[in-house]
Amino acid sequence: MKTRLLTEQDIEEAAAILHRGGLLGIPTETVYGLGADGLNAEAVRRIFLAKGRPQDNPLILHIPEAGWLERYCRNIPAAAYTLAKRFWPGPLTMILRRRENVPNAVTCGMSTVGVRCPDHPVTLEILRAASSPVAAPSGNRSGRPSPTCAAHMLEDMDGRIDAIVDGGPCDVGVESTIIDLTAPVPRLLRPGGLPLEALREALGEVAVDKAVLAPLAAGEKPRAPGMKYRHYAPRAPVTVVTGESRRTARYIRQRLGEYTGVICFDEYRGEFPGCVVESIGSFRDKAEQARRVFDALRVFDETGVEAIFAQCPGNTGLGLAVANRLKKAAGFQVVNVGGEEP
């Protein structure tokens, strides 16, 4: 199969690929997604094959507006419409009770489904033209860093899928925030492009699932994408260093080897001589860190580094999502050197 690159003008061709059960790379504000008709179970199963994705890792349905929720979800709480009115289109996925027309292939057999409305005009047009929800995880090979541009997705998916729509670079750079609205108290399952603080401002109490900060135990079933498996990882092993940024820089500097890679804040990029260094923005600018973290992780696969150390932001705002992605890339190999990064 030859994977084609489509442009933003190829809306009808993109929709036709979905209609005939094909696989399509779609741009969103977060990362590029690997999409299929979300009501076509066989097409959805091909997503798992193309990615090499574990069969118990559920997918997210993408819809063009909140008015579609009733088609695929039931017992929808008022909180869902509160969040949709405030944050959709945007980087927010809601876990809701599924209707019977949502295939088990999407939900991995669970009674719930994740739904979101992406904030990208091209993909919204494709969704409307297709007249069907699109099931889509991130458009990378399973375990690899998520793609934030069409070229990165093509690196992983060339020859595996029908086409990729090039909608330009992604604005947010980390996947959507996932909140479970079927729990007695709304629960954050995955931090992402919408900060936890914004959810709490809208809803009041929001619990944080333990999988945000630590790996699931053996045998636990993930309720949402990104909860269970090592993700976002370059080929070389990653160690995440948390704490006050001057301390984390010092810790890394003391452990540099001949083939060491470093992910750091801009303020410290000159402090690791002889290393492959990728900066992700100022330690104060968490939005920039989110935009650059996956690109930084990808770069190291083009080098000969044998180990990677990463400075880690604090857990406020988008820092929680960036820290989560780095820790997932490291398989939760984390060193805390003390102090607290805001």
# chains A, B, ... in the order shown; residues from 1 in each chain; ligands from 1

$ residues_around --residues "Ala43 in chain A" --least-positions-apart "2" --cutoff "9 Å" --atoms "only C-alpha atoms" --output "PyMOL selection string"
chain A and resi 18+20-23+36-41+45-47

$ select_by_dssp --residues "range 139-336 of chain A" --states "strand (DSSP E)" --output "ChimeraX atom specification"
/A:163-165,177-180,187-190,207-208,238-242,260-264,276-279,307-311,334-336

$ closest_residue --among "A:Met157, A:Met110, A:Met94, A:Val277" --to "Gly52 in chain A" --atoms "only C-alpha atoms"
A:Met157

$ residues_around --residues "range 257-270 of chain A" --least-positions-apart "3" --cutoff "6 Å" --atoms "only C-alpha atoms" --output "MDAnalysis selection string"
chainID A and resid 275:283 305:311

$ select_by_dssp --residues "range 218-338 of chain A" --states "alpha helix (DSSP H)" --output "PyMOL selection string"
chain A and resi 245-253+286-299+319-329

$ closest_residue --among "A:Ala296, A:Ala202, A:Ala323, A:Ala329" --to "Phe87 in chain A" --atoms "only C-alpha atoms"
A:Ala202

$ closest_residue --among "A:Glu340, A:Glu175, A:Asp166, A:Glu65" --to "Val122 in chain A" --atoms "only C-alpha atoms"
A:Asp166

$ closest_residue --among "A:Ile161, A:Arg187, A:Arg253, A:Arg291" --to "Gly25 in chain A" --atoms "only C-alpha atoms"
A:Ile161

$ atom_distance --atom1 "CA of Asp180 in chain A" --atom2 "CA of Leu69 in chain A"
14.9 Å

$ closest_residue --among "A:Gly139, A:Gly159, A:Gly114, A:Pro133" --to "Met1 in chain A" --atoms "only C-alpha atoms"
A:Gly159

$ residues_around --residues "Val165 in chain A" --least-positions-apart "4" --cutoff "9 Å" --atoms "only C-alpha atoms" --output "list of chain:residue names"
A:Arg4, A:Leu5, A:Leu6, A:Thr7, A:Glu8, A:Asp10, A:Ile11, A:Ala14, A:Leu24, A:Gly25, A:Ile26, A:Pro27, A:Val122, A:Thr123, A:Ala150

$ closest_residue --among "A:Leu189, A:Ile126, A:Ala233, A:Leu154" --to "Val212 in chain A" --atoms "only C-alpha atoms"
A:Leu189

$ atom_distance --atom1 "CA of Val134 in chain A" --atom2 "CA of Arg190 in chain A"
20.2 Å

$ atom_distance --atom1 "CA of Thr242 in chain A" --atom2 "CA of Asn336 in chain A"
4.7 Å

$ residues_around --residues "Thr239 in chain A" --least-positions-apart "2" --cutoff "6 Å" --atoms "only C-alpha atoms" --output "list of chain:residue names"
A:Phe309, A:Ala330, A:Gln333, A:Val334

$ write_last_selection --atoms "all heavy atoms" --output "short mmCIF file (atom, residue, chain, number, x, y, z; two decimals), in the first residue's frame"
data_model
loop_
_atom_site.label_atom_id
_atom_site.label_comp_id
_atom_site.auth_asym_id
_atom_site.auth_seq_id
_atom_site.Cartn_x
_atom_site.Cartn_y
_atom_site.Cartn_z
N PHE A 309 18.38 11.70 29.58
CA PHE A 309 17.89 12.30 30.82
C PHE A 309 16.96 13.45 30.46
O PHE A 309 17.22 14.19 29.50
CB PHE A 309 19.04 12.81 31.69
CG PHE A 309 19.86 11.73 32.33
CD1 PHE A 309 20.99 11.24 31.70
CD2 PHE A 309 19.50 11.21 33.57
CE1 PHE A 309 21.75 10.24 32.29
CE2 PHE A 309 20.25 10.22 34.17
CZ PHE A 309 21.38 9.73 33.53
N ALA A 330 9.56 7.19 29.94
CA ALA A 330 10.60 6.58 30.77
C ALA A 330 10.14 5.30 31.44
O ALA A 330 10.93 4.69 32.18
CB ALA A 330 11.04 7.59 31.83
N GLN A 333 10.58 5.54 35.12
CA GLN A 333 11.92 5.58 35.71
C GLN A 333 12.19 7.04 36.09
O GLN A 333 12.56 7.85 35.25
CB GLN A 333 12.96 5.07 34.71
CG GLN A 333 14.41 5.15 35.18
CD GLN A 333 14.69 4.24 36.37
OE1 GLN A 333 14.13 3.16 36.48
NE2 GLN A 333 15.55 4.69 37.26
N VAL A 334 11.95 7.39 37.35
CA VAL A 334 11.95 8.78 37.79
C VAL A 334 12.88 8.94 38.99
O VAL A 334 12.87 8.13 39.92
CB VAL A 334 10.52 9.25 38.18
CG1 VAL A 334 10.53 10.70 38.66
CG2 VAL A 334 9.57 9.08 36.99
#

$ residues_around --residues "Val174 in chain A" --least-positions-apart "6" --cutoff "10 Å" --atoms "only C-alpha atoms" --output "list in words"
Glu29, Thr30, Val31, Tyr32, Pro91, Ser138, Ser146, Pro147, Thr148, Pro191, Gly192, Gly193, Leu194, Ala287, Gln289, Ala290, Arg291, Arg292, Val293, Phe294, Leu318, Ala321, Val322 and Arg325 of chain A

$ residues_around --residues "Ala66 in chain A" --least-positions-apart "2" --cutoff "12 Å" --atoms "only C-alpha atoms" --output "JSON list (two decimals) with C-alpha atoms, in the first residue's frame"
[["chain", "number", "residue", "atom", "x", "y", "z"],
["A", 62, "HIS", "CA", -14.31, 12.07, 17.31],
["A", 63, "ILE", "CA", -17.49, 14.01, 16.55],
["A", 64, "PRO", "CA", -18.07, 17.48, 15.04],
["A", 68, "TRP", "CA", -23.95, 14.12, 18.18],
["A", 69, "LEU", "CA", -23.45, 12.86, 21.76],
["A", 70, "GLU", "CA", -26.93, 11.35, 22.03],
["A", 71, "ARG", "CA", -26.27, 9.22, 18.95],
["A", 72, "TYR", "CA", -23.50, 7.23, 20.62],
["A", 73, "CYS", "CA", -23.88, 7.81, 24.37],
["A", 76, "ILE", "CA", -25.41, 11.67, 29.61],
["A", 80, "ALA", "CA", -20.98, 16.67, 29.91],
["A", 81, "TYR", "CA", -22.94, 19.52, 28.34],
["A", 82, "THR", "CA", -21.38, 22.01, 30.74],
["A", 83, "LEU", "CA", -17.93, 20.92, 29.61],
["A", 84, "ALA", "CA", -18.88, 20.73, 25.92],
["A", 85, "LYS", "CA", -20.30, 24.25, 25.95],
["A", 86, "ARG", "CA", -17.17, 25.58, 27.60],
["A", 87, "PHE", "CA", -14.36, 23.56, 26.01],
["A", 88, "TRP", "CA", -15.53, 22.06, 22.69],
["A", 89, "PRO", "CA", -14.16, 22.12, 20.10],
["A", 90, "GLY", "CA", -11.01, 21.52, 22.12],
["A", 93, "THR", "CA", -12.31, 13.76, 25.89],
["A", 94, "MET", "CA", -15.26, 12.69, 28.04],
["A", 115, "VAL", "CA", -15.80, 11.08, 22.92],
["A", 116, "ARG", "CA", -14.29, 14.38, 21.86],
["A", 117, "CYS", "CA", -14.78, 17.24, 19.38],
["A", 118, "PRO", "CA", -11.39, 18.24, 17.96],
["A", 133, "PRO", "CA", -17.85, 9.43, 14.08]]
